[in-house]
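For reference, data21.pdb (PDB, C-alpha atoms):
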```
ATOM      1  CA  MET A 153       0.000   0.000   0.000  1.00  0.00           C
ATOM      2  CA  ASP A 154       1.540   3.335  -1.063  1.00  0.00           C
ATOM      3  CA  ARG A 155       1.723   6.446   1.113  1.00  0.00           C
ATOM      4  CA  LYS A 156      -1.157   8.205  -0.670  1.00  0.00           C
ATOM      5  CA  THR A 157      -3.475   5.256  -0.108  1.00  0.00           C
ATOM      6  CA  VAL A 158      -2.531   5.141   3.579  1.00  0.00           C
ATOM      7  CA  TRP A 159      -3.335   8.844   4.010  1.00  0.00           C
ATOM      8  CA  ILE A 160      -6.694   8.451   2.275  1.00  0.00           C
ATOM      9  CA  ALA A 161      -7.557   5.519   4.544  1.00  0.00           C
ATOM     10  CA  LEU A 162      -6.561   7.473   7.664  1.00  0.00           C
ATOM     11  CA  ILE A 163      -8.621  10.499   6.624  1.00  0.00           C
ATOM     12  CA  ALA A 164     -11.635   8.288   5.958  1.00  0.00           C
ATOM     13  CA  MET A 165     -11.268   6.647   9.378  1.00  0.00           C
ATOM     14  CA  LEU A 166     -10.997  10.034  11.091  1.00  0.00           C
ATOM     15  CA  ALA A 167     -14.061  11.355   9.300  1.00  0.00           C
ATOM     16  CA  GLY A 168     -16.022   8.282  10.348  1.00  0.00           C
ATOM     17  CA  LEU A 169     -14.891   8.675  13.956  1.00  0.00           C
ATOM     18  CA  LEU A 170     -15.978  12.324  14.051  1.00  0.00           C
ATOM     19  CA  VAL A 171     -19.412  11.457  12.697  1.00  0.00           C
ATOM     20  CA  TRP A 172     -19.778   8.703  15.293  1.00  0.00           C
ATOM     21  CA  LEU A 173     -18.696  11.038  18.096  1.00  0.00           C
ATOM     22  CA  ALA A 174     -21.061  13.757  16.973  1.00  0.00           C
ATOM     23  CA  PHE A 175     -24.133  11.558  16.917  1.00  0.00           C
ATOM     24  CA  PHE A 176     -23.717   8.369  18.920  1.00  0.00           C
ATOM     25  CA  TRP A 177     -20.961   8.567  21.571  1.00  0.00           C
ATOM     26  CA  THR A 178     -22.046   8.990  25.180  1.00  0.00           C
ATOM     27  CA  PRO A 179     -19.944   8.919  28.370  1.00  0.00           C
ATOM     28  CA  ASP A 180     -20.899   5.500  29.689  1.00  0.00           C
ATOM     29  CA  GLY A 181     -21.293   3.853  26.291  1.00  0.00           C
ATOM     30  CA  ALA A 182     -24.765   2.576  27.181  1.00  0.00           C
ATOM     31  CA  ARG A 183     -26.997   5.503  26.201  1.00  0.00           C
ATOM     32  CA  SER A 184     -28.498   5.700  22.745  1.00  0.00           C
ATOM     33  CA  LEU A 185     -29.511   8.541  20.486  1.00  0.00           C
ATOM     34  CA  ALA A 186     -33.108   7.366  20.712  1.00  0.00           C
ATOM     35  CA  GLN A 187     -33.168   8.205  24.427  1.00  0.00           C
ATOM     36  CA  ASP A 188     -32.923  11.916  23.595  1.00  0.00           C
ATOM     37  CA  LYS A 189     -34.865  11.877  20.338  1.00  0.00           C
ATOM     38  CA  THR A 190     -37.037  14.806  21.524  1.00  0.00           C
ATOM     39  CA  HIS A 191     -34.041  17.054  22.106  1.00  0.00           C
ATOM     40  CA  VAL A 192     -34.620  20.601  20.820  1.00  0.00           C
ATOM     41  CA  GLN A 193     -32.084  23.362  20.273  1.00  0.00           C
ATOM     42  CA  LEU A 194     -33.247  26.645  21.830  1.00  0.00           C
ATOM     43  CA  GLN A 195     -32.420  30.170  20.802  1.00  0.00           C
ATOM     44  CA  GLN A 196     -30.351  32.458  22.987  1.00  0.00           C
ATOM     45  CA  ASP A 197     -32.546  34.050  25.652  1.00  0.00           C
ATOM     46  CA  LYS A 198     -31.367  37.643  25.230  1.00  0.00           C
ATOM     47  CA  ALA A 199     -28.353  39.709  24.361  1.00  0.00           C
ATOM     48  CA  PRO A 200     -25.902  38.382  26.971  1.00  0.00           C
ATOM     49  CA  THR A 201     -23.914  40.692  29.204  1.00  0.00           C
ATOM     50  CA  GLY A 202     -21.465  38.165  30.640  1.00  0.00           C
ATOM     51  CA  GLY A 203     -19.928  38.506  34.068  1.00  0.00           C
ATOM     52  CA  ASP A 204     -17.855  36.762  36.701  1.00  0.00           C
ATOM     53  CA  PHE A 205     -18.892  33.516  38.328  1.00  0.00           C
ATOM     54  CA  THR A 206     -17.524  30.613  40.335  1.00  0.00           C
ATOM     55  CA  LEU A 207     -18.439  26.961  39.685  1.00  0.00           C
ATOM     56  CA  GLN A 208     -16.932  23.616  40.607  1.00  0.00           C
ATOM     57  CA  SER A 209     -14.580  21.533  38.495  1.00  0.00           C
ATOM     58  CA  PRO A 210     -13.423  17.992  39.307  1.00  0.00           C
ATOM     59  CA  ASP A 211     -10.276  19.586  40.724  1.00  0.00           C
ATOM     60  CA  GLY A 212     -11.913  22.342  42.759  1.00  0.00           C
ATOM     61  CA  PRO A 213     -13.529  25.766  42.332  1.00  0.00           C
ATOM     62  CA  VAL A 214     -13.107  27.666  39.073  1.00  0.00           C
ATOM     63  CA  SER A 215     -13.605  31.445  38.998  1.00  0.00           C
ATOM     64  CA  LEU A 216     -13.775  33.453  35.811  1.00  0.00           C
ATOM     65  CA  ALA A 217     -12.070  36.342  37.593  1.00  0.00           C
ATOM     66  CA  ASP A 218      -8.986  34.153  38.036  1.00  0.00           C
ATOM     67  CA  GLN A 219      -8.655  33.792  34.242  1.00  0.00           C
ATOM     68  CA  ARG A 220      -7.814  37.450  33.553  1.00  0.00           C
ATOM     69  CA  GLY A 221      -5.188  37.768  30.833  1.00  0.00           C
ATOM     70  CA  LYS A 222      -6.521  34.708  28.999  1.00  0.00           C
ATOM     71  CA  VAL A 223      -9.167  34.175  26.367  1.00  0.00           C
ATOM     72  CA  VAL A 224     -11.946  32.069  27.901  1.00  0.00           C
ATOM     73  CA  LEU A 225     -14.384  29.925  25.928  1.00  0.00           C
ATOM     74  CA  LEU A 226     -17.642  28.774  27.524  1.00  0.00           C
ATOM     75  CA  TYR A 227     -20.128  26.220  26.273  1.00  0.00           C
ATOM     76  CA  PHE A 228     -23.361  25.287  28.095  1.00  0.00           C
ATOM     77  CA  GLY A 229     -24.634  21.752  27.581  1.00  0.00           C
ATOM     78  CA  TYR A 230     -24.938  18.309  29.180  1.00  0.00           C
ATOM     79  CA  THR A 231     -23.252  14.965  28.769  1.00  0.00           C
ATOM     80  CA  PHE A 232     -26.390  13.053  27.740  1.00  0.00           C
ATOM     81  CA  CYS A 233     -26.835  15.446  24.790  1.00  0.00           C
ATOM     82  CA  PRO A 234     -27.078  13.339  21.617  1.00  0.00           C
ATOM     83  CA  ASP A 235     -26.074  15.831  18.968  1.00  0.00           C
ATOM     84  CA  VAL A 236     -25.358  19.544  19.406  1.00  0.00           C
ATOM     85  CA  CYS A 237     -22.993  19.209  22.376  1.00  0.00           C
ATOM     86  CA  PRO A 238     -20.687  16.613  20.783  1.00  0.00           C
ATOM     87  CA  THR A 239     -20.762  18.546  17.509  1.00  0.00           C
ATOM     88  CA  SER A 240     -19.914  21.887  19.146  1.00  0.00           C
ATOM     89  CA  LEU A 241     -17.276  20.413  21.443  1.00  0.00           C
ATOM     90  CA  SER A 242     -15.682  18.631  18.488  1.00  0.00           C
ATOM     91  CA  ALA A 243     -15.486  21.962  16.631  1.00  0.00           C
ATOM     92  CA  LEU A 244     -14.013  23.627  19.708  1.00  0.00           C
ATOM     93  CA  ALA A 245     -11.491  20.805  20.073  1.00  0.00           C
ATOM     94  CA  GLN A 246     -10.410  21.189  16.447  1.00  0.00           C
ATOM     95  CA  ALA A 247      -9.935  24.920  17.005  1.00  0.00           C
ATOM     96  CA  LEU A 248      -7.842  24.362  20.121  1.00  0.00           C
ATOM     97  CA  SER A 249      -5.727  21.801  18.278  1.00  0.00           C
ATOM     98  CA  ALA A 250      -5.014  24.382  15.569  1.00  0.00           C
ATOM     99  CA  LEU A 251      -3.480  26.846  18.056  1.00  0.00           C
ATOM    100  CA  THR A 252       0.232  27.009  18.714  1.00  0.00           C
ATOM    101  CA  PRO A 253       1.401  25.853  22.170  1.00  0.00           C
ATOM    102  CA  GLU A 254       2.050  29.495  23.054  1.00  0.00           C
ATOM    103  CA  GLU A 255      -1.478  30.483  22.052  1.00  0.00           C
ATOM    104  CA  LEU A 256      -3.055  27.521  23.796  1.00  0.00           C
ATOM    105  CA  ALA A 257      -1.331  28.486  27.046  1.00  0.00           C
ATOM    106  CA  ARG A 258      -3.315  31.739  26.941  1.00  0.00           C
ATOM    107  CA  VAL A 259      -6.709  30.078  26.401  1.00  0.00           C
ATOM    108  CA  LYS A 260      -9.089  28.369  28.857  1.00  0.00           C
ATOM    109  CA  SER A 261     -12.127  26.370  27.771  1.00  0.00           C
ATOM    110  CA  PHE A 262     -15.006  25.320  30.005  1.00  0.00           C
ATOM    111  CA  PHE A 263     -17.951  23.013  29.410  1.00  0.00           C
ATOM    112  CA  ILE A 264     -20.704  24.135  31.807  1.00  0.00           C
ATOM    113  CA  SER A 265     -23.180  21.355  32.537  1.00  0.00           C
ATOM    114  CA  VAL A 266     -26.806  22.456  32.823  1.00  0.00           C
ATOM    115  CA  ASP A 267     -27.695  18.990  34.140  1.00  0.00           C
ATOM    116  CA  PRO A 268     -25.850  18.826  37.487  1.00  0.00           C
ATOM    117  CA  ASP A 269     -28.172  16.127  38.836  1.00  0.00           C
ATOM    118  CA  ARG A 270     -26.676  13.594  36.407  1.00  0.00           C
ATOM    119  CA  ASP A 271     -23.398  15.264  35.470  1.00  0.00           C
ATOM    120  CA  THR A 272     -21.348  14.627  38.579  1.00  0.00           C
ATOM    121  CA  MET A 273     -17.733  15.690  38.865  1.00  0.00           C
ATOM    122  CA  ASP A 274     -16.618  12.174  37.953  1.00  0.00           C
ATOM    123  CA  VAL A 275     -18.761  12.257  34.818  1.00  0.00           C
ATOM    124  CA  LEU A 276     -17.412  15.683  33.828  1.00  0.00           C
ATOM    125  CA  ARG A 277     -13.846  14.552  34.481  1.00  0.00           C
ATOM    126  CA  ALA A 278     -14.287  11.818  31.871  1.00  0.00           C
ATOM    127  CA  TYR A 279     -16.467  13.682  29.378  1.00  0.00           C
ATOM    128  CA  ALA A 280     -14.957  17.120  28.721  1.00  0.00           C
ATOM    129  CA  PRO A 281     -11.289  16.140  28.223  1.00  0.00           C
ATOM    130  CA  PHE A 282     -12.369  13.342  25.876  1.00  0.00           C
ATOM    131  CA  PHE A 283     -12.794  16.024  23.213  1.00  0.00           C
ATOM    132  CA  HIS A 284      -9.614  17.930  24.113  1.00  0.00           C
ATOM    133  CA  PRO A 285      -7.447  17.953  27.261  1.00  0.00           C
ATOM    134  CA  GLY A 286      -7.811  21.725  27.367  1.00  0.00           C
ATOM    135  CA  ILE A 287     -11.582  21.555  27.953  1.00  0.00           C
ATOM    136  CA  VAL A 288     -12.617  21.445  31.626  1.00  0.00           C
ATOM    137  CA  GLY A 289     -16.064  20.356  32.769  1.00  0.00           C
ATOM    138  CA  ILE A 290     -17.642  22.532  35.457  1.00  0.00           C
ATOM    139  CA  SER A 291     -21.032  22.809  37.140  1.00  0.00           C
ATOM    140  CA  GLY A 292     -22.687  23.632  40.446  1.00  0.00           C
ATOM    141  CA  SER A 293     -26.071  23.558  42.098  1.00  0.00           C
ATOM    142  CA  ASN A 294     -29.112  24.047  39.888  1.00  0.00           C
ATOM    143  CA  GLU A 295     -29.433  27.587  41.247  1.00  0.00           C
ATOM    144  CA  GLN A 296     -25.763  28.433  40.581  1.00  0.00           C
ATOM    145  CA  VAL A 297     -25.889  27.103  37.022  1.00  0.00           C
ATOM    146  CA  ALA A 298     -29.113  29.025  36.337  1.00  0.00           C
ATOM    147  CA  GLN A 299     -27.488  32.241  37.566  1.00  0.00           C
ATOM    148  CA  VAL A 300     -24.489  31.828  35.264  1.00  0.00           C
ATOM    149  CA  ALA A 301     -26.759  30.919  32.342  1.00  0.00           C
ATOM    150  CA  ARG A 302     -28.718  34.140  32.847  1.00  0.00           C
ATOM    151  CA  LEU A 303     -25.515  36.170  32.626  1.00  0.00           C
ATOM    152  CA  TYR A 304     -24.748  34.678  29.229  1.00  0.00           C
ATOM    153  CA  GLY A 305     -28.273  34.395  27.863  1.00  0.00           C
ATOM    154  CA  ALA A 306     -28.027  30.606  27.722  1.00  0.00           C
ATOM    155  CA  ARG A 307     -31.383  28.836  27.771  1.00  0.00           C
ATOM    156  CA  TYR A 308     -32.192  25.291  28.804  1.00  0.00           C
ATOM    157  CA  MET A 309     -35.289  23.347  29.787  1.00  0.00           C
ATOM    158  CA  ARG A 310     -35.485  19.850  31.242  1.00  0.00           C
ATOM    159  CA  GLN A 311     -38.126  17.679  29.619  1.00  0.00           C
ATOM    160  CA  LYS A 312     -40.443  15.311  31.469  1.00  0.00           C
ATOM    161  CA  PRO A 313     -38.780  11.948  32.201  1.00  0.00           C
ATOM    162  CA  ASP A 314     -40.007   8.908  30.308  1.00  0.00           C
ATOM    163  CA  GLU A 315     -41.136   5.638  31.893  1.00  0.00           C
ATOM    164  CA  ASN A 316     -37.475   4.701  32.468  1.00  0.00           C
ATOM    165  CA  GLY A 317     -36.641   7.988  34.195  1.00  0.00           C
ATOM    166  CA  LEU A 318     -34.654   9.232  31.200  1.00  0.00           C
ATOM    167  CA  TYR A 319     -35.021  12.829  30.114  1.00  0.00           C
ATOM    168  CA  SER A 320     -33.509  15.265  27.661  1.00  0.00           C
ATOM    169  CA  VAL A 321     -32.590  18.905  28.228  1.00  0.00           C
ATOM    170  CA  ASP A 322     -33.422  21.324  25.448  1.00  0.00           C
ATOM    171  CA  HIS A 323     -30.785  24.050  25.347  1.00  0.00           C
ATOM    172  CA  SER A 324     -29.244  26.821  23.302  1.00  0.00           C
ATOM    173  CA  SER A 325     -25.900  26.137  21.652  1.00  0.00           C
ATOM    174  CA  PHE A 326     -23.355  28.952  21.594  1.00  0.00           C
ATOM    175  CA  ILE A 327     -19.638  29.207  22.282  1.00  0.00           C
ATOM    176  CA  TYR A 328     -19.083  32.329  24.366  1.00  0.00           C
ATOM    177  CA  VAL A 329     -15.745  34.060  23.850  1.00  0.00           C
ATOM    178  CA  ILE A 330     -14.480  36.136  26.755  1.00  0.00           C
ATOM    179  CA  ALA A 331     -11.646  38.593  26.185  1.00  0.00           C
ATOM    180  CA  PRO A 332      -8.559  38.739  28.439  1.00  0.00           C
ATOM    181  CA  ASP A 333     -10.106  41.685  30.308  1.00  0.00           C
ATOM    182  CA  GLY A 334     -13.044  39.504  31.352  1.00  0.00           C
ATOM    183  CA  LYS A 335     -15.610  41.074  29.026  1.00  0.00           C
ATOM    184  CA  LEU A 336     -17.797  39.041  26.709  1.00  0.00           C
ATOM    185  CA  ALA A 337     -16.448  39.489  23.187  1.00  0.00           C
ATOM    186  CA  ALA A 338     -18.661  37.220  21.079  1.00  0.00           C
ATOM    187  CA  SER A 339     -21.358  34.554  21.058  1.00  0.00           C
ATOM    188  CA  LEU A 340     -20.579  32.048  18.317  1.00  0.00           C
ATOM    189  CA  PRO A 341     -23.684  30.129  17.175  1.00  0.00           C
ATOM    190  CA  HIS A 342     -23.943  26.410  16.635  1.00  0.00           C
ATOM    191  CA  GLY A 343     -22.282  25.448  13.369  1.00  0.00           C
ATOM    192  CA  THR A 344     -19.460  27.964  13.614  1.00  0.00           C
ATOM    193  CA  LEU A 345     -16.466  26.459  11.828  1.00  0.00           C
ATOM    194  CA  PRO A 346     -13.294  25.603  13.764  1.00  0.00           C
ATOM    195  CA  THR A 347     -11.344  28.025  11.562  1.00  0.00           C
ATOM    196  CA  GLN A 348     -13.746  30.807  12.559  1.00  0.00           C
ATOM    197  CA  ILE A 349     -13.298  29.945  16.222  1.00  0.00           C
ATOM    198  CA  VAL A 350      -9.519  30.097  15.750  1.00  0.00           C
ATOM    199  CA  ASP A 351      -9.799  33.506  14.064  1.00  0.00           C
ATOM    200  CA  MET A 352     -11.879  34.833  16.953  1.00  0.00           C
ATOM    201  CA  ILE A 353      -9.446  33.488  19.557  1.00  0.00           C
ATOM    202  CA  ARG A 354      -6.467  35.022  17.793  1.00  0.00           C
ATOM    203  CA  ALA A 355      -8.230  38.350  17.417  1.00  0.00           C
ATOM    204  CA  GLN A 356      -8.718  38.449  21.193  1.00  0.00           C
ATOM    205  CA  LEU A 357      -5.123  37.413  21.859  1.00  0.00           C
ATOM    206  CA  LYS A 358      -3.769  40.423  19.962  1.00  0.00           C
ATOM    207  CA  PRO A 359      -2.551  43.276  22.167  1.00  0.00           C
ATOM    208  CA  ALA A 360      -5.089  46.083  22.562  1.00  0.00           C
ATOM    209  CA  GLY A 361      -4.479  49.120  20.385  1.00  0.00           C
TER     210      GLY A 361
END
```
Any chance you could give the structure as structure tokens?
Amino acid sequence: MDRKTVWIALIAMLAGLLVWLAFFWTPDGARSLAQDKTHVQLQQDKAPTGGDFTLQSPDGPVSLADQRGKVVLLYFGYTFCPDVCPTSLSALAQALSALTPEELARVKSFFISVDPDRDTMDVLRAYAPFFHPGIVGISGSNEQVAQVARLYGARYMRQKPDENGLYSVDHSSFIYVIAPDGKLAASLPHGTLPTQIVDMIRAQLKPAG
């Protein structure tokens, strides 16, 4: 097999893996897409203002105020999500992988779970870094998560559980880009290309003026 054929085979395998991740992979390997077949993507609640917050990560508290000087990326979702979360996190992961090591050192990415009842710290520890080691899963009490979501205009709504106790959470799907000064710089909608995410990150990393 020549080198060209090997590369084609590898690209095909990678494409297949990404499709599988986007639509079928779930943290414990036992959940199916059909369990969340009623999942609906919501629109952003309002023009977000952003703001500081503190939530819990598997390794302790995380405060946005402590990230000054870095570009911060936020995504609100949940680990049982069958489609938009894996798709968006895969795009974010591709963007992070395209950064230089120097750029990546100045970027922090957080996956904020809106389903803290199921998304424990152990679940988040396994889920978020699966997409990229630079993505950290964080959450808090239902009240704390709701407060942070209001700051960023993120919407979510838990659906009624089925006869097996399974439920989906309809939610908006945006990547929020926070500038090094802590101010919200952009809300990137679902479907934003990794190259566009990279461009936005690099624009925020440039010195002011």
Restricting the calculation to all atoms listed in the file, which member of A:Arg277, A:Arg270, A:His284, A:His323 is positioned closest to A:Tyr308?
-> A:His323
Taking all atoms listed in the file into account, which of A:Val300, A:Val236, A:Leu357, A:Ala199 comes nearest A:Glu255?
->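 Comparing A:Val300, A:Val236, A:Leu357, A:Ala199 against A:Glu255, the winner is A:Leu357.
Using the PyMOL selection byres ((chain A and resi 229) around 7) on the file at hand returns these residues: A:Tyr227, A:Phe228, A:Tyr230, A:Cys237, A:Ile264, A:Ser265, A:Val266, A:His323.
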Can you list, as a VMD selection string, every protein, DNA or RNA residue that comes within 10 Å of A:Met352 when you count all atoms listed in the file, leaving out same-chain residues fewer than 2 positions away?
-> chain A and resid 223 329 331 337 to 338 340 346 to 350 354 to 357
Once you add 5 Å to each side, what are the centre and edge lengths of the axis-aligned box holding all listed atoms of stretch 210-221 of chain A? One decimal in Å, as JSON, if you can.
```
{"center_x": -9.5, "center_y": 27.9, "center_z": 36.8, "size_x": 18.6, "size_y": 29.8, "size_z": 21.9}
```
In terms of the shortest atom-to-atom distance over only C-alpha atoms, which of A:Ser325, A:Ser291, A:Ala250, A:Ser320 is closest to A:Arg307?
->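 When distances to A:Arg307 are compared using only C-alpha atoms, the smallest one comes from A:Ser325.
Between atom CA of A:Cys233 and atom CA of A:Asp267 the interatomic distance comes to 10.0 Å.
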Find the residue from A:Pro268, A:Glu254, A:Gln246, A:Phe282 that sits nearest to A:Gln296; use all atoms listed in the file when measuring.
-> A:Pro268
Give the answer as one residue: which of A:Ala306, A:Ala301, A:Ala247, A:Met273 has the shortest atom-to-atom distance to A:Val288, using only C-alpha atoms?
-> A:Met273
Which of these residues is nearest to A:Phe232, using all atoms listed in the file: A:Ala298, A:Leu345, A:Ile353, A:Val275?
-> A:Val275
If you measure from atom CA of A:Asp333 to atom CA of A:Tyr279, what distance in Å do you get, rounded to one decimal?
->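 Atom CA of A:Tyr279 lies 28.7 Å from atom CA of A:Asp333.
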Coordinates-based distance that separates atom CA of A:Asp269 from atom CA of A:Asn294 (Å, one decimal) |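 Taking atom CA of A:Asn294 and atom CA of A:Asp269, their separation equals 8.0 Å.
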Do you know which residues are at most 10 Å from stretch 209-218 of chain A counting all atoms listed in the file, after dropping those on the same chain fewer than 3 positions away, and could you put them as a PyMOL selection string?
-> chain A and resi 203-206+221-222+224+260+262-264+272-278+288-292+330+333-334
Identify, on the basis of all atoms listed in the file, every residue whose closest approach to A:Thr201 does not exceed 10 Å; exclude the query and any residue fewer than 2 positions from it along the same chain; express the result as a CSV table (one decimal) with C-alpha atoms, keeping the file's coordinate frame.
```csv
chain,number,residue,atom,x,y,z
A,198,LYS,CA,-31.4,37.6,25.2
A,199,ALA,CA,-28.4,39.7,24.4
A,203,GLY,CA,-19.9,38.5,34.1
A,302,ARG,CA,-28.7,34.1,32.8
A,303,LEU,CA,-25.5,36.2,32.6
A,304,TYR,CA,-24.7,34.7,29.2
A,305,GLY,CA,-28.3,34.4,27.9
A,335,LYS,CA,-15.6,41.1,29.0
A,336,LEU,CA,-17.8,39.0,26.7
A,337,ALA,CA,-16.4,39.5,23.2
```
Written as a PyMOL selection string, which residues does the PyMOL selection byres ((chain A and resi 283) around 7) give for the file shown?
-> chain A and resi 241-242+245+280-282+284-285
